[in-house]
$ cat final-v2.pdb   # PDB, C-alpha atoms, pLDDT in the B column
ATOM      1  CA  MET O   1      95.246  92.124 -50.134  1.00 44.00           C
ATOM      2  CA  VAL O   2      98.744  93.112 -51.246  1.00 49.00           C
ATOM      3  CA  VAL O   3      97.762  96.773 -51.458  1.00 48.00           C
ATOM      4  CA  HIS O   4      97.010  96.791 -47.731  1.00 55.00           C
ATOM      5  CA  ALA O   5     100.355  95.176 -46.882  1.00 54.00           C
ATOM      6  CA  PHE O   6     102.424  98.199 -47.921  1.00 59.00           C
ATOM      7  CA  PRO O   7     101.053 100.658 -45.329  1.00 66.00           C
ATOM      8  CA  LEU O   8     101.391  97.917 -42.750  1.00 64.00           C
ATOM      9  CA  ALA O   9     105.005  97.325 -43.808  1.00 67.00           C
ATOM     10  CA  LYS O  10     105.690 101.060 -43.545  1.00 69.00           C
ATOM     11  CA  LEU O  11     104.142 101.140 -40.102  1.00 70.00           C
ATOM     12  CA  GLY O  12     106.161  98.095 -39.075  1.00 71.00           C
ATOM     13  CA  SER O  13     109.425  99.614 -40.294  1.00 69.00           C
ATOM     14  CA  LEU O  14     108.618 102.870 -38.505  1.00 72.00           C
ATOM     15  CA  LEU O  15     107.864 100.968 -35.312  1.00 74.00           C
ATOM     16  CA  LEU O  16     111.092  99.002 -35.674  1.00 71.00           C
ATOM     17  CA  ARG O  17     113.087 102.182 -36.159  1.00 71.00           C
ATOM     18  CA  GLN O  18     111.439 103.855 -33.172  1.00 75.00           C
ATOM     19  CA  VAL O  19     112.133 100.876 -30.937  1.00 73.00           C
ATOM     20  CA  SER O  20     115.713 100.278 -32.027  1.00 71.00           C
ATOM     21  CA  LYS O  21     116.805 103.933 -32.251  1.00 73.00           C
ATOM     22  CA  PRO O  22     117.076 104.443 -28.443  1.00 79.00           C
ATOM     23  CA  ILE O  23     119.155 101.270 -28.187  1.00 74.00           C
ATOM     24  CA  ALA O  24     121.401 102.485 -30.980  1.00 70.00           C
ATOM     25  CA  ASN O  25     121.742 105.942 -29.413  1.00 73.00           C
ATOM     26  CA  PHE O  26     122.640 104.445 -26.046  1.00 78.00           C
ATOM     27  CA  LEU O  27     125.303 102.202 -27.555  1.00 72.00           C
ATOM     28  CA  LYS O  28     126.582 105.047 -29.715  1.00 75.00           C
ATOM     29  CA  GLU O  29     127.031 107.344 -26.707  1.00 76.00           C
ATOM     30  CA  ARG O  30     128.740 104.596 -24.711  1.00 79.00           C
ATOM     31  CA  ALA O  31     131.105 103.932 -27.618  1.00 75.00           C
ATOM     32  CA  LYS O  32     131.923 107.648 -27.913  1.00 76.00           C
ATOM     33  CA  GLN O  33     132.932 107.754 -24.246  1.00 81.00           C
ATOM     34  CA  HIS O  34     135.121 104.661 -24.290  1.00 83.00           C
ATOM     35  CA  PRO O  35     138.580 105.320 -25.818  1.00 84.00           C
ATOM     36  CA  PHE O  36     139.031 101.832 -27.270  1.00 85.00           C
ATOM     37  CA  PHE O  37     135.694 101.883 -29.089  1.00 82.00           C
ATOM     38  CA  ARG O  38     136.202 105.474 -30.129  1.00 82.00           C
ATOM     39  CA  THR O  39     139.619 104.685 -31.636  1.00 85.00           C
ATOM     40  CA  TYR O  40     138.940 101.288 -33.177  1.00 84.00           C
ATOM     41  CA  LEU O  41     135.177 101.126 -33.731  1.00 81.00           C
ATOM     42  CA  LEU O  42     133.997 104.633 -34.556  1.00 82.00           C
ATOM     43  CA  MET O  43     136.856 106.421 -36.302  1.00 89.00           C
ATOM     44  CA  PRO O  44     137.999 103.833 -38.915  1.00 92.00           C
ATOM     45  CA  PRO O  45     134.525 103.336 -40.444  1.00 92.00           C
ATOM     46  CA  ALA O  46     134.007 107.109 -40.460  1.00 92.00           C
ATOM     47  CA  GLN O  47     137.325 107.721 -42.224  1.00 93.00           C
ATOM     48  CA  PHE O  48     136.553 104.939 -44.722  1.00 94.00           C
ATOM     49  CA  TYR O  49     133.069 106.354 -45.335  1.00 92.00           C
ATOM     50  CA  ASN O  50     134.572 109.820 -45.882  1.00 93.00           C
ATOM     51  CA  TRP O  51     137.151 108.397 -48.297  1.00 91.00           C
ATOM     52  CA  CYS O  52     134.450 106.551 -50.266  1.00 91.00           C
ATOM     53  CA  GLU O  53     132.181 109.577 -50.303  1.00 91.00           C
ATOM     54  CA  VAL O  54     134.885 111.911 -51.618  1.00 89.00           C
ATOM     55  CA  LYS O  55     135.937 109.404 -54.289  1.00 88.00           C
ATOM     56  CA  MET O  56     132.341 108.864 -55.430  1.00 88.00           C
ATOM     57  CA  LYS O  57     131.567 112.588 -55.529  1.00 87.00           C
ATOM     58  CA  MET O  58     134.705 113.291 -57.535  1.00 86.00           C
ATOM     59  CA  TYR O  59     133.821 110.492 -59.947  1.00 85.00           C
ATOM     60  CA  ALA O  60     130.153 111.524 -60.207  1.00 85.00           C
ATOM     61  CA  LEU O  61     131.017 115.162 -60.903  1.00 85.00           C
ATOM     62  CA  ASN O  62     133.796 114.248 -63.387  1.00 80.00           C
ATOM     63  CA  LEU O  63     136.381 116.178 -61.404  1.00 80.00           C
ATOM     64  CA  GLY O  64     139.099 113.588 -61.857  1.00 77.00           C
ATOM     65  CA  LYS O  65     140.745 111.362 -59.310  1.00 74.00           C
ATOM     66  CA  PRO O  66     141.730 112.922 -56.005  1.00 67.00           C
ATOM     67  CA  VAL O  67     145.302 112.062 -55.132  1.00 71.00           C
ATOM     68  CA  THR O  68     144.752 112.215 -51.387  1.00 82.00           C
ATOM     69  CA  VAL O  69     141.563 112.458 -49.418  1.00 82.00           C
ATOM     70  CA  ALA O  70     141.738 114.725 -46.384  1.00 86.00           C
ATOM     71  CA  ARG O  71     141.094 112.871 -43.157  1.00 90.00           C
ATOM     72  CA  LEU O  72     138.289 113.993 -40.888  1.00 89.00           C
ATOM     73  CA  ASN O  73     139.179 115.621 -37.594  1.00 91.00           C
ATOM     74  CA  GLU O  74     138.615 113.497 -34.502  1.00 85.00           C
ATOM     75  CA  ALA O  75     135.343 115.100 -33.361  1.00 84.00           C
ATOM     76  CA  THR O  76     133.748 114.875 -36.809  1.00 89.00           C
ATOM     77  CA  ALA O  77     134.990 111.321 -37.291  1.00 88.00           C
ATOM     78  CA  ILE O  78     133.595 110.279 -33.905  1.00 85.00           C
ATOM     79  CA  ASP O  79     130.196 111.830 -34.683  1.00 84.00           C
ATOM     80  CA  LEU O  80     130.076 110.261 -38.149  1.00 88.00           C
ATOM     81  CA  GLY O  81     131.288 106.935 -36.768  1.00 87.00           C
ATOM     82  CA  GLY O  82     128.606 107.116 -34.072  1.00 83.00           C
ATOM     83  CA  ASP O  83     125.946 107.729 -36.709  1.00 84.00           C
ATOM     84  CA  ILE O  84     127.254 104.826 -38.790  1.00 87.00           C
ATOM     85  CA  LEU O  85     127.281 102.593 -35.695  1.00 83.00           C
ATOM     86  CA  GLY O  86     123.728 103.659 -34.831  1.00 80.00           C
ATOM     87  CA  GLU O  87     122.483 102.898 -38.335  1.00 83.00           C
ATOM     88  CA  PHE O  88     124.316  99.562 -38.310  1.00 85.00           C
ATOM     89  CA  ILE O  89     122.648  98.636 -35.017  1.00 81.00           C
ATOM     90  CA  VAL O  90     119.210  99.555 -36.376  1.00 79.00           C
ATOM     91  CA  PHE O  91     119.956  97.528 -39.517  1.00 84.00           C
ATOM     92  CA  PHE O  92     121.219  94.606 -37.429  1.00 85.00           C
ATOM     93  CA  ILE O  93     118.114  94.590 -35.232  1.00 81.00           C
ATOM     94  CA  ALA O  94     115.865  94.762 -38.308  1.00 80.00           C
ATOM     95  CA  GLY O  95     117.808  91.918 -39.906  1.00 84.00           C
ATOM     96  CA  ALA O  96     117.559  89.833 -36.751  1.00 85.00           C
ATOM     97  CA  ILE O  97     113.796  90.390 -36.560  1.00 81.00           C
ATOM     98  CA  LEU O  98     113.340  89.560 -40.244  1.00 82.00           C
ATOM     99  CA  THR O  99     115.477  86.438 -39.893  1.00 88.00           C
ATOM    100  CA  ASN O 100     113.471  85.397 -36.851  1.00 88.00           C
ATOM    101  CA  GLU O 101     110.196  85.900 -38.720  1.00 86.00           C
ATOM    102  CA  TYR O 102     111.537  83.974 -41.699  1.00 89.00           C
ATOM    103  CA  VAL O 103     112.605  81.059 -39.488  1.00 92.00           C
ATOM    104  CA  LYS O 104     109.215  81.053 -37.745  1.00 91.00           C
ATOM    105  CA  GLN O 105     107.447  81.070 -41.108  1.00 91.00           C
ATOM    106  CA  MET O 106     109.617  78.202 -42.348  1.00 94.00           C
ATOM    107  CA  ARG O 107     108.873  76.204 -39.176  1.00 95.00           C
ATOM    108  CA  LYS O 108     105.175  76.889 -39.577  1.00 94.00           C
ATOM    109  CA  GLU O 109     105.364  75.754 -43.204  1.00 95.00           C
ATOM    110  CA  ALA O 110     107.320  72.632 -42.193  1.00 95.00           C
ATOM    111  CA  ASP O 111     104.774  71.849 -39.474  1.00 96.00           C
ATOM    112  CA  LYS O 112     101.956  72.288 -41.972  1.00 96.00           C
ATOM    113  CA  LYS O 113     103.740  70.017 -44.437  1.00 96.00           C
ATOM    114  CA  GLU O 114     104.359  67.446 -41.686  1.00 96.00           C
ATOM    115  CA  ALA O 115     100.680  67.521 -40.689  1.00 96.00           C
ATOM    116  CA  SER O 116      99.692  67.097 -44.317  1.00 96.00           C
ATOM    117  CA  GLN O 117     102.126  64.200 -44.669  1.00 97.00           C
ATOM    118  CA  GLN O 118     100.736  62.539 -41.522  1.00 97.00           C
ATOM    119  CA  GLU O 119      97.196  62.953 -42.828  1.00 97.00           C
ATOM    120  CA  MET O 120      98.288  61.472 -46.154  1.00 97.00           C
ATOM    121  CA  ASN O 121      99.914  58.521 -44.344  1.00 97.00           C
ATOM    122  CA  GLN O 122      96.740  57.947 -42.318  1.00 97.00           C
ATOM    123  CA  LEU O 123      94.664  58.001 -45.490  1.00 97.00           C
ATOM    124  CA  MET O 124      97.046  55.571 -47.170  1.00 97.00           C
ATOM    125  CA  ASP O 125      96.851  53.247 -44.127  1.00 96.00           C
ATOM    126  CA  THR O 126      93.052  53.445 -44.230  1.00 97.00           C
ATOM    127  CA  ILE O 127      93.056  52.628 -47.941  1.00 97.00           C
ATOM    128  CA  ARG O 128      95.354  49.648 -47.329  1.00 97.00           C
ATOM    129  CA  ASP O 129      93.077  48.412 -44.548  1.00 96.00           C
ATOM    130  CA  LEU O 130      90.014  48.812 -46.772  1.00 96.00           C
ATOM    131  CA  ASN O 131      91.751  46.974 -49.625  1.00 96.00           C
ATOM    132  CA  LEU O 132      92.678  44.173 -47.228  1.00 96.00           C
ATOM    133  CA  GLN O 133      89.086  43.976 -46.012  1.00 97.00           C
ATOM    134  CA  LEU O 134      87.890  44.008 -49.623  1.00 96.00           C
ATOM    135  CA  GLU O 135      90.193  41.117 -50.499  1.00 96.00           C
ATOM    136  CA  MET O 136      89.064  39.182 -47.412  1.00 97.00           C
ATOM    137  CA  GLN O 137      85.422  39.819 -48.289  1.00 96.00           C
ATOM    138  CA  ALA O 138      86.055  38.748 -51.883  1.00 95.00           C
ATOM    139  CA  VAL O 139      87.551  35.485 -50.609  1.00 95.00           C
ATOM    140  CA  GLU O 140      84.591  35.002 -48.267  1.00 96.00           C
ATOM    141  CA  ILE O 141      82.140  35.742 -51.094  1.00 95.00           C
ATOM    142  CA  GLN O 142      83.954  33.227 -53.294  1.00 95.00           C
ATOM    143  CA  GLU O 143      83.733  30.623 -50.525  1.00 95.00           C
ATOM    144  CA  LEU O 144      80.046  31.395 -49.988  1.00 94.00           C
ATOM    145  CA  ASN O 145      79.402  31.136 -53.734  1.00 93.00           C
ATOM    146  CA  GLU O 146      81.087  27.728 -53.722  1.00 92.00           C
ATOM    147  CA  VAL O 147      78.948  26.667 -50.761  1.00 92.00           C
ATOM    148  CA  VAL O 148      75.821  27.913 -52.540  1.00 92.00           C
ATOM    149  CA  GLN O 149      76.841  26.047 -55.705  1.00 91.00           C
ATOM    150  CA  ARG O 150      77.362  22.841 -53.727  1.00 90.00           C
ATOM    151  CA  LEU O 151      74.039  23.258 -51.961  1.00 88.00           C
ATOM    152  CA  GLN O 152      72.245  23.897 -55.233  1.00 88.00           C
ATOM    153  CA  GLY O 153      73.979  20.860 -56.738  1.00 83.00           C
ATOM    154  CA  LYS O 154      72.811  18.672 -53.838  1.00 79.00           C
ATOM    155  CA  LYS O 155      69.295  20.046 -54.120  1.00 75.00           C
ATOM    156  CA  LYS O 156      69.089  19.177 -57.849  1.00 72.00           C
ATOM    157  CA  ARG O 157      70.129  15.560 -57.198  1.00 64.00           C
TER     158      ARG O 157
END

$ encode --input "final-v2.pdb" --output "C-alpha coordinates"
Amino acid sequence: MVVHAFPLAKLGSLLLRQVSKPIANFLKERAKQHPFFRTYLLMPPAQFYNWCEVKMKMYALNLGKPVTVARLNEATAIDLGGDILGEFIVFFIAGAILTNEYVKQMRKEADKKEASQQEMNQLMDTIRDLNLQLEMQAVEIQELNEVVQRLQGKKKR
(Lines of atoms letter the chains of each structure in order from A and count residues from 1; the text may use other names and numbers.)
(Lines give C-alpha, C1' and ligand atoms only; values in the text may rest on other atoms or scores of the structure.)
Protein backbone atom coordinates (compact mmCIF):
# COMPACT_ATOMS: atom_id res chain seq x y z
CA MET A 1 0.00 0.00 0.00
CA VAL A 2 2.82 2.41 0.82
CA VAL A 3 4.55 1.69 -2.48
CA HIS A 4 1.54 3.05 -4.36
CA ALA A 5 1.46 6.22 -2.26
CA PHE A 6 4.72 7.59 -3.66
CA PRO A 7 3.60 7.97 -7.30
CA LEU A 8 0.38 9.47 -6.00
CA ALA A 9 2.36 11.91 -3.85
CA LYS A 10 4.48 12.85 -6.86
CA LEU A 11 1.37 13.39 -8.93
CA GLY A 12 -0.17 15.47 -6.15
CA SER A 13 2.92 17.65 -5.81
CA LEU A 14 3.04 18.12 -9.58
CA LEU A 15 -0.62 19.08 -9.62
CA LEU A 16 -0.06 21.49 -6.74
CA ARG A 17 2.86 23.10 -8.53
CA GLN A 18 0.90 23.41 -11.78
CA VAL A 19 -2.05 25.01 -10.02
CA SER A 20 -0.07 27.41 -7.85
CA LYS A 21 2.54 28.43 -10.45
CA PRO A 22 0.17 30.72 -12.44
CA ILE A 23 -0.86 32.43 -9.20
CA ALA A 24 2.78 32.90 -8.26
CA ASN A 25 3.66 34.23 -11.72
CA PHE A 26 0.78 36.70 -11.63
CA LEU A 27 1.79 38.00 -8.21
CA LYS A 28 5.44 38.09 -9.23
CA GLU A 29 4.69 40.22 -12.31
CA ARG A 30 2.47 42.56 -10.30
CA ALA A 31 5.22 42.96 -7.70
CA LYS A 32 7.80 43.71 -10.41
CA GLN A 33 5.62 46.53 -11.75
CA HIS A 34 4.90 48.17 -8.41
CA PRO A 35 7.83 50.31 -7.15
CA PHE A 36 7.18 49.71 -3.45
CA PHE A 37 7.12 45.92 -3.82
CA ARG A 38 10.03 46.01 -6.21
CA THR A 39 12.14 48.03 -3.75
CA TYR A 40 11.13 46.44 -0.47
CA LEU A 41 9.86 42.96 -1.35
CA LEU A 42 11.86 41.73 -4.32
CA MET A 43 15.31 43.31 -4.11
CA PRO A 44 16.28 42.73 -0.43
CA PRO A 45 15.65 38.95 -0.51
CA ALA A 46 17.49 38.73 -3.84
CA GLN A 47 20.51 40.62 -2.48
CA PHE A 48 20.48 38.47 0.68
CA TYR A 49 20.22 35.29 -1.40
CA ASN A 50 23.14 36.46 -3.57
CA TRP A 51 25.21 37.26 -0.48
CA CYS A 52 24.49 33.82 1.02
CA GLU A 53 25.20 32.07 -2.25
CA VAL A 54 28.57 33.78 -2.74
CA LYS A 55 29.59 33.09 0.87
CA MET A 56 28.61 29.42 0.62
CA LYS A 57 30.37 28.93 -2.72
CA MET A 58 33.54 30.55 -1.39
CA TYR A 59 33.39 28.35 1.70
CA ALA A 60 32.59 25.18 -0.27
CA LEU A 61 35.44 25.75 -2.73
CA ASN A 62 37.92 26.71 0.04
CA LEU A 63 38.62 30.06 -1.58
CA GLY A 64 38.69 31.96 1.69
CA LYS A 65 36.33 34.58 3.00
CA PRO A 66 35.19 37.27 0.59
CA VAL A 67 35.60 40.69 2.13
CA THR A 68 32.74 42.24 0.19
CA VAL A 69 30.09 40.62 -1.92
CA ALA A 70 29.19 42.52 -5.08
CA ARG A 71 25.57 43.60 -5.14
CA LEU A 72 23.35 42.51 -7.99
CA ASN A 73 22.22 45.12 -10.48
CA GLU A 74 18.58 46.17 -10.23
CA ALA A 75 17.24 44.12 -13.16
CA THR A 76 18.95 40.92 -12.01
CA ALA A 77 17.89 41.50 -8.41
CA ILE A 78 14.28 42.07 -9.47
CA ASP A 79 14.25 38.88 -11.56
CA LEU A 80 15.87 36.83 -8.78
CA GLY A 81 13.57 38.40 -6.19
CA GLY A 82 10.58 37.59 -8.40
CA ASP A 83 11.70 33.97 -8.66
CA ILE A 84 12.19 33.79 -4.89
CA LEU A 85 8.74 35.34 -4.35
CA GLY A 86 7.19 32.87 -6.80
CA GLU A 87 8.80 29.90 -5.06
CA PHE A 88 7.74 31.26 -1.67
CA ILE A 89 4.14 31.56 -2.87
CA VAL A 90 4.18 27.99 -4.20
CA PHE A 91 5.67 26.82 -0.90
CA PHE A 92 3.10 28.83 1.07
CA ILE A 93 0.19 27.39 -0.90
CA ALA A 94 1.56 23.86 -0.46
CA GLY A 95 2.00 24.48 3.26
CA ALA A 96 -1.53 25.83 3.56
CA ILE A 97 -2.95 22.79 1.75
CA LEU A 98 -0.92 20.39 3.89
CA THR A 99 -1.97 22.20 7.07
CA ASN A 100 -5.59 22.07 5.95
CA GLU A 101 -5.35 18.34 5.25
CA TYR A 102 -3.66 17.76 8.60
CA VAL A 103 -6.40 19.67 10.44
CA LYS A 104 -9.10 17.75 8.56
CA GLN A 105 -7.40 14.46 9.42
CA MET A 106 -7.14 15.46 13.08
CA ARG A 107 -10.84 16.41 13.13
CA LYS A 108 -11.74 13.12 11.50
CA GLU A 109 -9.64 11.27 14.08
CA ALA A 110 -11.24 13.28 16.91
CA ASP A 111 -14.72 12.54 15.54
CA LYS A 112 -13.86 8.85 15.32
CA LYS A 113 -12.55 8.91 18.88
CA GLU A 114 -15.68 10.75 20.05
CA ALA A 115 -17.92 8.19 18.33
CA SER A 116 -15.93 5.39 19.93
CA GLN A 117 -16.22 7.08 23.32
CA GLN A 118 -19.99 7.49 22.89
CA GLU A 119 -20.32 3.84 21.93
CA MET A 120 -18.24 2.89 24.97
CA ASN A 121 -20.47 5.06 27.20
CA GLN A 122 -23.59 3.43 25.75
CA LEU A 123 -22.14 -0.01 26.38
CA MET A 124 -21.23 0.95 29.94
CA ASP A 125 -24.79 2.28 30.50
CA THR A 126 -26.21 -0.97 29.12
CA ILE A 127 -23.96 -3.00 31.41
CA ARG A 128 -25.05 -0.91 34.41
CA ASP A 129 -28.70 -1.41 33.48
CA LEU A 130 -28.16 -5.16 33.09
CA ASN A 131 -26.36 -5.33 36.44
CA LEU A 132 -29.23 -3.43 38.06
CA GLN A 133 -31.73 -5.82 36.50
CA LEU A 134 -29.60 -8.76 37.64
CA GLU A 135 -29.56 -7.45 41.21
CA MET A 136 -33.33 -6.87 41.12
CA GLN A 137 -33.89 -10.37 39.75
CA ALA A 138 -31.59 -11.82 42.41
CA VAL A 139 -33.66 -10.07 45.09
CA GLU A 140 -36.87 -11.34 43.50
CA ILE A 141 -35.45 -14.88 43.29
CA GLN A 142 -34.45 -14.67 46.95
CA GLU A 143 -37.97 -13.53 47.86
CA LEU A 144 -39.50 -16.30 45.75
CA ASN A 145 -37.19 -18.87 47.37
CA GLU A 146 -38.34 -17.64 50.79
CA VAL A 147 -41.97 -17.92 49.68
CA VAL A 148 -41.32 -21.43 48.37
CA GLN A 149 -39.61 -22.38 51.64
CA ARG A 150 -42.56 -21.07 53.64
CA LEU A 151 -45.02 -22.90 51.42
CA GLN A 152 -43.06 -26.13 51.71
CA GLY A 153 -42.88 -25.65 55.48
CA LYS A 154 -46.67 -25.21 55.67
CA LYS A 155 -47.20 -28.24 53.47
CA LYS A 156 -45.06 -30.46 55.74
CA ARG A 157 -47.05 -29.45 58.84

$ residues_around --input "final-v2.pdb" --residues "Gln47 (chain O)" --least-positions-apart "3" --cutoff "9 Å" --atoms "only C-alpha atoms" --output "PyMOL selection string"
chain O and resi 42-44+50-52+71-72+77+80-81

$ resolve_selection --input "final-v2.pdb" --expression "the PyMOL selection byres ((chain O and resi 84) around 12)" --output "VMD selection string"
chain O and resid 24 to 25 27 to 28 31 41 to 50 77 to 83 85 to 92

$ closest_residue --input "final-v2.pdb" --among "O:Leu11, O:Gln142, O:Arg150, O:Leu16" --to "Leu98 (chain O)" --atoms "all atoms listed in the file"
O:Leu16

$ residues_around --input "final-v2.pdb" --residues "Lys55 (chain O)" --least-positions-apart "2" --cutoff "12 Å" --atoms "only C-alpha atoms" --output "list in words"
Phe48, Tyr49, Asn50, Trp51, Cys52, Glu53, Lys57, Met58, Tyr59, Ala60, Leu61, Asn62, Leu63, Gly64, Lys65, Pro66, Val67, Thr68, Val69 and Ala70 of chain O

$ decode --input "final-v2.pdb" --residues "region 124-137 of chain O" --atoms "all heavy atoms" --output "mmCIF file, in the first residue's frame"
data_model
loop_
_atom_site.group_PDB
_atom_site.id
_atom_site.type_symbol
_atom_site.label_atom_id
_atom_site.label_comp_id
_atom_site.auth_asym_id
_atom_site.auth_seq_id
_atom_site.Cartn_x
_atom_site.Cartn_y
_atom_site.Cartn_z
ATOM 1 N N MET O 124 -21.351 0.904 28.473
ATOM 2 C CA MET O 124 -21.234 0.954 29.939
ATOM 3 C C MET O 124 -22.606 1.180 30.580
ATOM 4 O O MET O 124 -22.933 0.555 31.598
ATOM 5 C CB MET O 124 -20.254 2.048 30.379
ATOM 6 C CG MET O 124 -18.814 1.786 29.985
ATOM 7 S SD MET O 124 -18.152 0.268 30.650
ATOM 8 C CE MET O 124 -18.012 0.705 32.355
ATOM 9 N N ASP O 125 -23.432 2.063 29.983
ATOM 10 C CA ASP O 125 -24.787 2.280 30.504
ATOM 11 C C ASP O 125 -25.615 0.996 30.410
ATOM 12 O O ASP O 125 -26.358 0.655 31.341
ATOM 13 C CB ASP O 125 -25.482 3.411 29.731
ATOM 14 C CG ASP O 125 -24.899 4.778 30.045
ATOM 15 O OD1 ASP O 125 -24.179 4.902 31.069
ATOM 16 O OD2 ASP O 125 -25.147 5.725 29.270
ATOM 17 N N THR O 126 -25.483 0.293 29.288
ATOM 18 C CA THR O 126 -26.210 -0.966 29.117
ATOM 19 C C THR O 126 -25.763 -1.985 30.155
ATOM 20 O O THR O 126 -26.599 -2.685 30.748
ATOM 21 C CB THR O 126 -25.980 -1.524 27.693
ATOM 22 O OG1 THR O 126 -26.389 -0.545 26.743
ATOM 23 C CG2 THR O 126 -26.748 -2.799 27.462
ATOM 24 N N ILE O 127 -24.469 -2.062 30.399
ATOM 25 C CA ILE O 127 -23.959 -2.995 31.409
ATOM 26 C C ILE O 127 -24.481 -2.632 32.788
ATOM 27 O O ILE O 127 -24.893 -3.508 33.561
ATOM 28 C CB ILE O 127 -22.409 -3.028 31.383
ATOM 29 C CG1 ILE O 127 -21.935 -3.719 30.106
ATOM 30 C CG2 ILE O 127 -21.848 -3.723 32.619
ATOM 31 C CD1 ILE O 127 -20.451 -3.644 29.868
ATOM 32 N N ARG O 128 -24.505 -1.329 33.111
ATOM 33 C CA ARG O 128 -25.050 -0.905 34.406
ATOM 34 C C ARG O 128 -26.518 -1.282 34.529
ATOM 35 O O ARG O 128 -26.961 -1.762 35.576
ATOM 36 C CB ARG O 128 -24.890 0.608 34.582
ATOM 37 C CG ARG O 128 -23.528 1.004 35.070
ATOM 38 C CD ARG O 128 -23.481 2.476 35.468
ATOM 39 N NE ARG O 128 -22.205 3.006 35.076
ATOM 40 C CZ ARG O 128 -21.974 3.838 34.064
ATOM 41 N NH1 ARG O 128 -22.967 4.300 33.346
ATOM 42 N NH2 ARG O 128 -20.763 4.233 33.778
ATOM 43 N N ASP O 129 -27.279 -1.047 33.459
ATOM 44 C CA ASP O 129 -28.701 -1.411 33.479
ATOM 45 C C ASP O 129 -28.873 -2.918 33.665
ATOM 46 O O ASP O 129 -29.736 -3.366 34.438
ATOM 47 C CB ASP O 129 -29.395 -0.973 32.187
ATOM 48 C CG ASP O 129 -29.523 0.543 32.072
ATOM 49 O OD1 ASP O 129 -29.368 1.227 33.106
ATOM 50 O OD2 ASP O 129 -29.785 1.020 30.943
ATOM 51 N N LEU O 130 -28.076 -3.704 32.958
ATOM 52 C CA LEU O 130 -28.164 -5.159 33.087
ATOM 53 C C LEU O 130 -27.777 -5.612 34.492
ATOM 54 O O LEU O 130 -28.408 -6.521 35.055
ATOM 55 C CB LEU O 130 -27.290 -5.842 32.038
ATOM 56 C CG LEU O 130 -27.784 -5.742 30.597
ATOM 57 C CD1 LEU O 130 -26.750 -6.302 29.633
ATOM 58 C CD2 LEU O 130 -29.126 -6.438 30.437
ATOM 59 N N ASN O 131 -26.742 -4.988 35.058
ATOM 60 C CA ASN O 131 -26.357 -5.328 36.441
ATOM 61 C C ASN O 131 -27.468 -4.972 37.418
ATOM 62 O O ASN O 131 -27.745 -5.728 38.358
ATOM 63 C CB ASN O 131 -25.063 -4.611 36.834
ATOM 64 C CG ASN O 131 -23.835 -5.299 36.294
ATOM 65 O OD1 ASN O 131 -23.856 -6.494 36.018
ATOM 66 N ND2 ASN O 131 -22.764 -4.541 36.133
ATOM 67 N N LEU O 132 -28.117 -3.831 37.194
ATOM 68 C CA LEU O 132 -29.226 -3.430 38.058
ATOM 69 C C LEU O 132 -30.374 -4.433 37.944
ATOM 70 O O LEU O 132 -30.955 -4.854 38.953
ATOM 71 C CB LEU O 132 -29.703 -2.023 37.698
ATOM 72 C CG LEU O 132 -30.781 -1.414 38.566
ATOM 73 C CD1 LEU O 132 -30.305 -1.298 40.005
ATOM 74 C CD2 LEU O 132 -31.194 -0.060 38.030
ATOM 75 N N GLN O 133 -30.692 -4.821 36.703
ATOM 76 C CA GLN O 133 -31.733 -5.819 36.500
ATOM 77 C C GLN O 133 -31.348 -7.146 37.149
ATOM 78 O O GLN O 133 -32.190 -7.824 37.755
ATOM 79 C CB GLN O 133 -31.989 -6.032 35.007
ATOM 80 C CG GLN O 133 -32.760 -4.930 34.352
ATOM 81 C CD GLN O 133 -32.957 -5.203 32.864
ATOM 82 O OE1 GLN O 133 -32.451 -6.175 32.319
ATOM 83 N NE2 GLN O 133 -33.707 -4.318 32.215
ATOM 84 N N LEU O 134 -30.084 -7.518 37.035
ATOM 85 C CA LEU O 134 -29.600 -8.756 37.639
ATOM 86 C C LEU O 134 -29.763 -8.714 39.153
ATOM 87 O O LEU O 134 -30.219 -9.693 39.770
ATOM 88 C CB LEU O 134 -28.130 -8.982 37.256
ATOM 89 C CG LEU O 134 -27.483 -10.271 37.737
ATOM 90 C CD1 LEU O 134 -28.167 -11.469 37.085
ATOM 91 C CD2 LEU O 134 -26.007 -10.263 37.424
ATOM 92 N N GLU O 135 -29.409 -7.588 39.756
ATOM 93 C CA GLU O 135 -29.561 -7.453 41.207
ATOM 94 C C GLU O 135 -31.037 -7.520 41.595
ATOM 95 O O GLU O 135 -31.395 -8.171 42.589
ATOM 96 C CB GLU O 135 -28.949 -6.136 41.689
ATOM 97 C CG GLU O 135 -27.439 -6.115 41.654
ATOM 98 C CD GLU O 135 -26.872 -4.748 41.989
ATOM 99 O OE1 GLU O 135 -27.642 -3.842 42.397
ATOM 100 O OE2 GLU O 135 -25.655 -4.579 41.829
ATOM 101 N N MET O 136 -31.901 -6.837 40.826
ATOM 102 C CA MET O 136 -33.329 -6.867 41.116
ATOM 103 C C MET O 136 -33.872 -8.287 40.972
ATOM 104 O O MET O 136 -34.670 -8.751 41.796
ATOM 105 C CB MET O 136 -34.083 -5.896 40.203
ATOM 106 C CG MET O 136 -33.806 -4.439 40.536
ATOM 107 S SD MET O 136 -34.448 -3.245 39.347
ATOM 108 C CE MET O 136 -36.116 -3.744 39.134
ATOM 109 N N GLN O 137 -33.437 -8.987 39.943
ATOM 110 C CA GLN O 137 -33.886 -10.369 39.749
ATOM 111 C C GLN O 137 -33.360 -11.269 40.856
ATOM 112 O O GLN O 137 -34.066 -12.176 41.310
ATOM 113 C CB GLN O 137 -33.439 -10.873 38.373
ATOM 114 C CG GLN O 137 -34.222 -10.264 37.233
ATOM 115 C CD GLN O 137 -33.686 -10.698 35.874
ATOM 116 O OE1 GLN O 137 -32.642 -11.320 35.772
ATOM 117 N NE2 GLN O 137 -34.441 -10.348 34.836
#
